[in-house]
Each structure stands twice: as C-alpha cells, then as structure tokens.
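Structure file my_file-v5.pdb (PDB, C-alpha atoms, pLDDT in the B column) is printed below.
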```
ATOM      1  CA  MET A 728     -31.271 -12.004  -9.579  1.00 63.00           C
ATOM      2  CA  CYS A 729     -31.062  -9.258 -12.235  1.00 74.00           C
ATOM      3  CA  GLN A 730     -34.230  -7.313 -13.051  1.00 81.00           C
ATOM      4  CA  HIS A 731     -32.676  -5.230 -15.864  1.00 80.00           C
ATOM      5  CA  GLN A 732     -33.818  -5.469 -19.480  1.00 86.00           C
ATOM      6  CA  PRO A 733     -31.869  -6.790 -21.227  1.00 87.00           C
ATOM      7  CA  ALA A 734     -30.669  -8.884 -18.326  1.00 89.00           C
ATOM      8  CA  CYS A 735     -27.092  -8.525 -17.128  1.00 91.00           C
ATOM      9  CA  PRO A 736     -24.653 -11.382 -17.755  1.00 92.00           C
ATOM     10  CA  HIS A 737     -24.758 -14.265 -15.273  1.00 92.00           C
ATOM     11  CA  ALA A 738     -21.958 -14.640 -12.726  1.00 93.00           C
ATOM     12  CA  ASP A 739     -20.574 -17.651 -14.607  1.00 93.00           C
ATOM     13  CA  SER A 740     -20.429 -15.813 -17.976  1.00 92.00           C
ATOM     14  CA  PRO A 741     -17.088 -14.649 -19.383  1.00 91.00           C
ATOM     15  CA  ASP A 742     -18.514 -11.099 -19.588  1.00 92.00           C
ATOM     16  CA  ARG A 743     -19.795 -11.083 -15.974  1.00 93.00           C
ATOM     17  CA  GLU A 744     -18.018  -7.765 -15.281  1.00 92.00           C
ATOM     18  CA  ALA A 745     -20.463  -6.013 -17.645  1.00 92.00           C
ATOM     19  CA  ALA A 746     -23.277  -6.307 -15.075  1.00 93.00           C
ATOM     20  CA  ARG A 747     -24.565  -3.117 -13.459  1.00 93.00           C
ATOM     21  CA  LEU A 748     -23.261  -1.820 -10.144  1.00 93.00           C
ATOM     22  CA  VAL A 749     -25.448  -2.334  -7.101  1.00 93.00           C
ATOM     23  CA  ALA A 750     -22.976  -0.982  -4.528  1.00 96.00           C
ATOM     24  CA  HIS A 751     -19.665   0.794  -4.998  1.00 96.00           C
ATOM     25  CA  HIS A 752     -17.179   1.326  -2.156  1.00 96.00           C
ATOM     26  CA  PRO A 753     -13.932   2.683  -3.639  1.00 94.00           C
ATOM     27  CA  GLU A 754     -12.684   3.580  -0.167  1.00 95.00           C
ATOM     28  CA  GLN A 755     -12.770  -0.151   0.658  1.00 96.00           C
ATOM     29  CA  GLY A 756     -11.689  -1.319  -2.799  1.00 95.00           C
ATOM     30  CA  TRP A 757     -14.750  -3.294  -3.902  1.00 96.00           C
ATOM     31  CA  SER A 758     -17.988  -3.131  -5.860  1.00 97.00           C
ATOM     32  CA  LEU A 759     -21.028  -5.422  -5.931  1.00 96.00           C
ATOM     33  CA  LEU A 760     -22.550  -6.181  -9.325  1.00 95.00           C
ATOM     34  CA  CYS A 761     -26.222  -7.068  -9.823  1.00 94.00           C
ATOM     35  CA  ASN A 762     -25.271 -10.646 -10.759  1.00 94.00           C
ATOM     36  CA  GLY A 763     -23.831 -11.143  -7.263  1.00 94.00           C
ATOM     37  CA  VAL A 764     -20.163 -10.799  -8.228  1.00 96.00           C
ATOM     38  CA  LEU A 765     -17.882  -8.890  -5.864  1.00 97.00           C
ATOM     39  CA  LEU A 766     -15.389  -7.036  -8.010  1.00 95.00           C
ATOM     40  CA  PHE A 767     -12.217  -5.869  -6.269  1.00 95.00           C
ATOM     41  CA  GLU A 768     -10.023  -2.893  -7.102  1.00 93.00           C
ATOM     42  CA  ASP A 769      -7.103  -5.179  -7.994  1.00 92.00           C
ATOM     43  CA  THR A 770      -9.375  -6.850 -10.646  1.00 91.00           C
ATOM     44  CA  GLY A 771      -9.892  -9.969  -8.533  1.00 94.00           C
ATOM     45  CA  GLU A 772     -13.418 -11.298  -8.167  1.00 96.00           C
ATOM     46  CA  LEU A 773     -15.486 -13.340  -5.746  1.00 96.00           C
ATOM     47  CA  LEU A 774     -18.375 -15.162  -7.402  1.00 96.00           C
ATOM     48  CA  PRO A 775     -21.675 -15.868  -5.608  1.00 95.00           C
ATOM     49  CA  ASP A 776     -20.796 -19.573  -5.322  1.00 96.00           C
ATOM     50  CA  GLY A 777     -17.586 -18.714  -3.440  1.00 96.00           C
ATOM     51  CA  GLN A 778     -15.232 -19.237  -6.383  1.00 96.00           C
ATOM     52  CA  ILE A 779     -12.270 -16.866  -6.421  1.00 95.00           C
ATOM     53  CA  ILE A 780     -11.061 -15.311  -9.665  1.00 93.00           C
ATOM     54  CA  ALA A 781      -7.462 -14.142  -9.371  1.00 93.00           C
ATOM     55  CA  PRO A 782      -6.601 -10.572 -10.381  1.00 92.00           C
ATOM     56  CA  HIS A 783      -6.269 -10.244 -14.134  1.00 82.00           C
ATOM     57  CA  ARG A 784      -4.802  -6.850 -14.816  1.00 73.00           C
ATOM     58  CA  PRO A 785      -4.241  -6.017 -18.472  1.00 69.00           C
ATOM     59  CA  LEU A 786      -0.707  -5.502 -19.676  1.00 61.00           C
ATOM     60  CA  THR A 787       0.326  -1.863 -19.677  1.00 62.00           C
ATOM     61  CA  ALA A 788       2.214  -0.223 -22.510  1.00 54.00           C
ATOM     62  CA  ALA A 789       5.365  -0.318 -20.391  1.00 56.00           C
ATOM     63  CA  ARG A 790       5.236  -4.133 -20.256  1.00 58.00           C
ATOM     64  CA  VAL A 791       4.360  -4.797 -23.878  1.00 57.00           C
ATOM     65  CA  ILE A 792       7.321  -5.888 -25.965  1.00 60.00           C
ATOM     66  CA  THR A 793       7.070  -6.000 -29.725  1.00 60.00           C
ATOM     67  CA  ALA A 794       9.227  -8.023 -32.058  1.00 63.00           C
ATOM     68  CA  ALA A 795      11.498  -6.053 -34.349  1.00 57.00           C
TER      69      ALA A 795
END
```

Now that the file is in, can you turn its structure into structure tokens?
Amino acid sequence: MCQHQPACPHADSPDREAARLVAHHPEQGWSLLCNGVLLFEDTGELLPDGQIIAPHRPLTAARVITAA
C-alpha cells in the first residue's frame, strides 16, 4: 500500500503509528495513515483487517507515582 521510501511500517507492526498521514480530520477526531490504519484522537486504532486497538494513552505526570 505504501509507496514511500523507506516504506512506512505495516499495519501489524508495533510501530504502525509512525506511518505517514494520508488524511487528517481533527474536527472529526481521526486520521488515516498510509498503511491503512485509522488513528483516533483518543489513541484508539482501527486496523485494515477490522481489528480494534483500544486507546492507549500514556501516563501523565499527575498519575505517575514514584517510590520514596
């Protein structure tokens, strides 16, 4: 699917979010990557095969607790 050189990561790769944007619709909360992944504003994903990846927001500084 990707015509870039070097090619973007495949949709089943762990780094699939590094693919280039094909369409970006922030007003609707989604972006389409060149590997066919729909990336949602809440960090959820829909892969080309229909698999759903649940949102995976990173922990913010407010939630991080360090041991004393």

Please evaluate the PyMOL selection byres ((chain A and resi 750) around 9) against the displayed coordinates and give the resulting residues as a short mmCIF file (atom, residue, chain, number, x, y, z; two decimals) with C-alpha atoms, in the frame of the given file.
```
data_model
loop_
_atom_site.label_atom_id
_atom_site.label_comp_id
_atom_site.auth_asym_id
_atom_site.auth_seq_id
_atom_site.Cartn_x
_atom_site.Cartn_y
_atom_site.Cartn_z
CA LEU A 748 -23.26 -1.82 -10.14
CA VAL A 749 -25.45 -2.33 -7.10
CA HIS A 751 -19.66 0.79 -5.00
CA HIS A 752 -17.18 1.33 -2.16
CA TRP A 757 -14.75 -3.29 -3.90
CA SER A 758 -17.99 -3.13 -5.86
CA LEU A 759 -21.03 -5.42 -5.93
CA LEU A 760 -22.55 -6.18 -9.32
CA CYS A 761 -26.22 -7.07 -9.82
#
```

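Coordinates place CA of His737 in chain A at a distance of 5.8 Å from CA of Asn762 in chain A.
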
request  = Take CA of Ile780 in chain A and CA of Phe767 in chain A and report the distance between them in Å, one decimal.
outcome  = 10.1 Å

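Across A:Leu765, A:Leu773, A:Ala746, A:Ile779, the tightest approach to Ala734 in chain A is made by A:Ala746 when counting all atoms listed in the file.
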
Identify the residues around (-12.7, -8.0, -13.2) within a radius of 8 Å, measuring from only C-alpha atoms in the coordinates stated by the file, and give them as a PDB file with C-alpha atoms, in the frame of the given file.
```pdb
ATOM      1  CA  GLU A 744     -18.018  -7.765 -15.281  1.00 92.00           C
ATOM      2  CA  LEU A 766     -15.389  -7.036  -8.010  1.00 95.00           C
ATOM      3  CA  PHE A 767     -12.217  -5.869  -6.269  1.00 95.00           C
ATOM      4  CA  THR A 770      -9.375  -6.850 -10.646  1.00 91.00           C
ATOM      5  CA  GLY A 771      -9.892  -9.969  -8.533  1.00 94.00           C
ATOM      6  CA  GLU A 772     -13.418 -11.298  -8.167  1.00 96.00           C
ATOM      7  CA  PRO A 782      -6.601 -10.572 -10.381  1.00 92.00           C
ATOM      8  CA  HIS A 783      -6.269 -10.244 -14.134  1.00 82.00           C
TER       9      HIS A 783
END
```

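Here CA of Pro753 in chain A is placed at a distance of 26.7 Å from CA of Gln732 in chain A.
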
ask   = Taking into account all atoms listed in the file, which residue in the set A:Arg747, A:Pro736, A:Glu768, A:Cys729 is nearest to Arg784 in chain A?
value = A:Glu768
